[in-house]
Each structure stands twice: as structure tokens, then as C-alpha cells.
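Note: the block below is run-v4.txt and it holds compact mmCIF, C-alpha atoms.
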# COMPACT_ATOMS: atom_id res chain seq x y z
CA MET A 1 -28.88 0.17 -20.24
CA ASN A 2 -25.16 -0.53 -19.71
CA THR A 3 -23.06 2.18 -18.20
CA VAL A 4 -19.44 2.43 -19.22
CA LYS A 5 -17.03 3.04 -16.38
CA THR A 6 -14.20 5.34 -17.26
CA VAL A 7 -11.06 5.93 -15.30
CA THR A 8 -10.25 9.55 -14.62
CA PRO A 9 -6.63 10.70 -14.79
CA ILE A 10 -6.70 11.05 -10.99
CA ALA A 11 -7.89 7.48 -10.41
CA ASP A 12 -5.39 6.21 -12.98
CA ALA A 13 -2.52 7.92 -11.16
CA VAL A 14 -3.63 6.63 -7.73
CA ASN A 15 -3.96 3.10 -9.12
CA ARG A 16 -0.46 3.24 -10.56
CA ARG A 17 1.07 4.65 -7.35
CA PHE A 18 -0.63 1.88 -5.35
CA PHE A 19 1.11 -0.80 -7.43
CA ILE A 20 4.42 1.10 -7.40
CA ALA A 21 4.27 1.05 -3.58
CA ILE A 22 3.40 -2.67 -3.47
CA TYR A 23 6.30 -3.39 -5.85
CA ALA A 24 8.70 -1.32 -3.70
CA LEU A 25 7.63 -3.06 -0.48
CA VAL A 26 8.11 -6.49 -2.06
CA LYS A 27 11.52 -5.48 -3.41
CA MET A 28 12.49 -4.22 0.07
CA LYS A 29 11.25 -7.51 1.58
CA GLN A 30 8.76 -5.66 3.78
CA LEU A 31 5.90 -7.47 2.02
CA ALA A 32 5.94 -11.02 0.67
CA SER A 33 3.67 -10.43 -2.34
CA LEU A 34 0.50 -8.80 -3.62
CA ASN A 35 -1.37 -12.03 -2.76
CA TYR A 36 -0.07 -11.86 0.82
CA PHE A 37 -1.23 -8.24 1.13
CA CYS A 38 -4.71 -9.15 -0.14
CA ASN A 39 -5.06 -12.18 2.10
CA LYS A 40 -3.80 -10.30 5.17
CA PHE A 41 -6.45 -7.59 4.79
CA GLY A 42 -9.35 -9.62 3.39
CA LEU A 43 -9.13 -8.20 -0.13
CA SER A 44 -9.82 -10.10 -3.34
CA ALA A 45 -6.47 -11.29 -4.67
CA PRO A 46 -7.89 -12.08 -8.14
CA ARG A 47 -9.25 -8.53 -8.37
CA TYR A 48 -5.86 -7.00 -7.59
CA ARG A 49 -3.95 -9.38 -9.86
CA GLU A 50 -6.27 -8.38 -12.72
CA THR A 51 -6.00 -4.69 -11.87
CA ARG A 52 -2.20 -4.97 -11.75
CA LEU A 53 -2.17 -6.08 -15.40
CA THR A 54 -3.63 -2.68 -16.35
CA TYR A 55 -2.06 -0.34 -13.77
CA GLY A 56 0.94 -2.16 -12.34
CA VAL A 57 4.61 -1.33 -12.59
CA ASP A 58 4.87 -3.61 -15.60
CA PRO A 59 1.43 -3.58 -17.25
CA ARG A 60 0.87 -6.35 -19.76
CA PRO A 61 0.54 -4.84 -23.25
CA GLY A 62 -2.34 -6.25 -25.23
CA SER A 63 -4.19 -7.56 -22.20
CA LYS A 64 -7.79 -6.51 -21.90
CA PRO A 65 -8.36 -3.59 -19.52
CA SER A 66 -9.25 -4.48 -15.96
CA ARG A 67 -12.92 -4.60 -15.03
CA TYR A 68 -11.92 -2.86 -11.80
CA LYS A 69 -11.37 0.85 -12.14
CA THR A 70 -10.29 1.94 -8.68
CA ILE A 71 -8.34 0.67 -5.71
CA GLU A 72 -10.54 0.04 -2.68
CA THR A 73 -10.32 2.45 0.23
CA GLU A 74 -9.45 -0.42 2.59
CA ALA A 75 -6.45 -1.33 0.44
CA MET A 76 -5.14 2.24 0.45
CA TYR A 77 -5.75 2.60 4.19
CA ASN A 78 -3.88 -0.61 5.01
CA LEU A 79 -1.01 0.23 2.68
CA CYS A 80 -0.50 3.57 4.44
CA ASN A 81 -1.29 2.53 8.00
CA THR A 82 0.63 -0.74 8.07
CA TYR A 83 3.55 -0.20 5.70
CA GLY A 84 4.36 3.49 6.10
CA ILE A 85 3.33 4.64 2.64
CA SER A 86 2.55 8.36 2.64
CA ALA A 87 -1.16 8.97 2.09
CA GLU A 88 -0.30 12.33 0.55
CA TRP A 89 1.95 10.63 -1.98
CA LEU A 90 -0.54 7.86 -2.70
CA ILE A 91 -3.59 10.12 -3.18
CA LEU A 92 -2.11 13.42 -4.34
CA GLY A 93 1.21 12.36 -5.81
CA ARG A 94 3.07 14.87 -3.62
CA GLY A 95 6.12 14.27 -1.47
CA GLU A 96 7.97 11.05 -0.87
CA MET A 97 6.53 7.54 -1.13
CA PHE A 98 7.32 6.74 2.49
CA ALA A 99 6.00 8.79 5.38
CA LYS A 100 8.67 10.43 7.51
CA LYS A 101 7.69 8.34 10.53
CA PRO A 102 6.91 4.69 9.80
CA PRO A 103 3.89 3.24 11.60
CA VAL A 104 4.19 1.01 14.65
CA GLY A 105 5.16 -2.47 13.57
CA PHE A 106 6.88 -1.48 10.31
CA GLY A 107 9.94 -3.66 9.92
CA TYR A 108 8.83 -5.57 13.01
CA SER A 109 11.25 -8.16 14.27
CA ASN A 110 10.41 -11.15 16.42
CA LYS A 111 12.68 -10.01 19.25
CA LYS A 112 11.05 -9.82 22.65
CA LYS A 113 10.12 -6.34 23.79
CA GLN A 114 12.34 -4.88 26.46
CA SER A 115 10.98 -4.79 29.98
CA ASN A 116 9.98 -1.41 31.41
CA GLU A 117 13.19 -1.16 33.45
CA HIS A 118 15.27 -1.06 30.24
CA GLN A 119 13.16 1.47 28.36
CA THR A 120 14.26 5.06 28.03
CA THR A 121 11.87 7.85 28.94
CA LEU A 122 11.82 10.97 26.82
CA SER A 123 11.00 14.20 28.59
CA VAL A 124 9.60 17.07 26.55
CA SER A 125 9.69 20.64 27.72
CA THR A 126 6.71 22.84 26.82
CA ARG A 127 8.42 26.17 27.47
Turn this file's structure into C-alpha cells for me.
Amino acid sequence: MNTVKTVTPIADAVNRRFFIAIYALVKMKQLASLNYFCNKFGLSAPRYRETRLTYGVDPRPGSKPSRYKTIETEAMYNLCNTYGISAEWLILGRGEMFAKKPPVGFGYSNKKKQSNEHQTTLSVSTR
């Protein structure tokens, strides 16, 4: 017996937001491409290229629907953790696309880190 996989409105929205975020990061030059993202995190690039045709920013009209119905958890985790995409926005569709505080390494430059003698210490009062 074959089971037919359906995409719920929630999964559809998450899929679309995932590709909107990828598109935005590429446009901002924070990410080279969807292929780069997949290769960096050990994801199947063909899977995501096919999924993009159905759910991407510019879905291809007339193309057959993707065999893949949901974005993998690892892809969502790495998008949020590495590139500063808000998990609340990605999953729930609430708030801004980018988290208020980008993760460590976002927009990383190849400049050498400052030595400890040049770093500023922040003191926080707990009163």
C-alpha cells in the first residue's frame, strides 16, 4: 500500500521561510549559495534544489511537486545557529527574520583576533 505524503499549511510555511532566509543570506553575501550551505553542513544538495522548485522564493510553475515535504531539522538548526536567522520566525512566522543578536562568527572576517591586552572588559552590576 502506498501512502501519500501531504504537506500541512504549517510545514508549507516553514519550507517557504527557509528558502526566503537562504535567498536573503545569498543576496546579503553572507552565504555563497544553497549548494554551499548544503555542502557545509552535510545535507543533500539535490534534495534542497528539488525542494526549492516547489517552495522557494521563485517556485517553478508547472514543475512536478517535490518528493521532499519538509526541511530537515539539521538544516533549520544550522540556518539559525550559524547565520542568525530567528528560530521563532522560521518555525512560527513571528517576529523578524534575523535574531536580535547574531551568533558568534556571523559576518566573520579573516582579521586576527585582538590579544587579551587590547580587549575591553564589561562589568555588570547585579544590584
Name the residues, using the chain letters and numbers of the file, that sit within 12 Å of (2.5, 9.4, 1.5) when counting all atoms listed in the file, and give them as number ranges by chain. A: 14, 17-18, 21, 76-77, 79-81, 83-103
Straight-line distance linking atom CA of A:Ser63 with atom CA of A:Leu31, stated in Å to one decimal: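 Interatomic distance here is 26.2 Å.
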Could you check how far atom CA of A:Val26 sits from atom CA of A:Gly56, in Å to one decimal?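 Those two atoms sit 13.3 Å apart.
The two atoms in question, atom CA of A:Lys29 and atom CA of A:Ala13, are spaced 24.3 Å apart.
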Looking at all atoms listed in the file, which of A:Thr82, A:Thr73, A:Ser44, A:Asn15 is the one that sits closest to A:Gln30?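 Smallest distance to A:Gln30 is found for A:Thr82.
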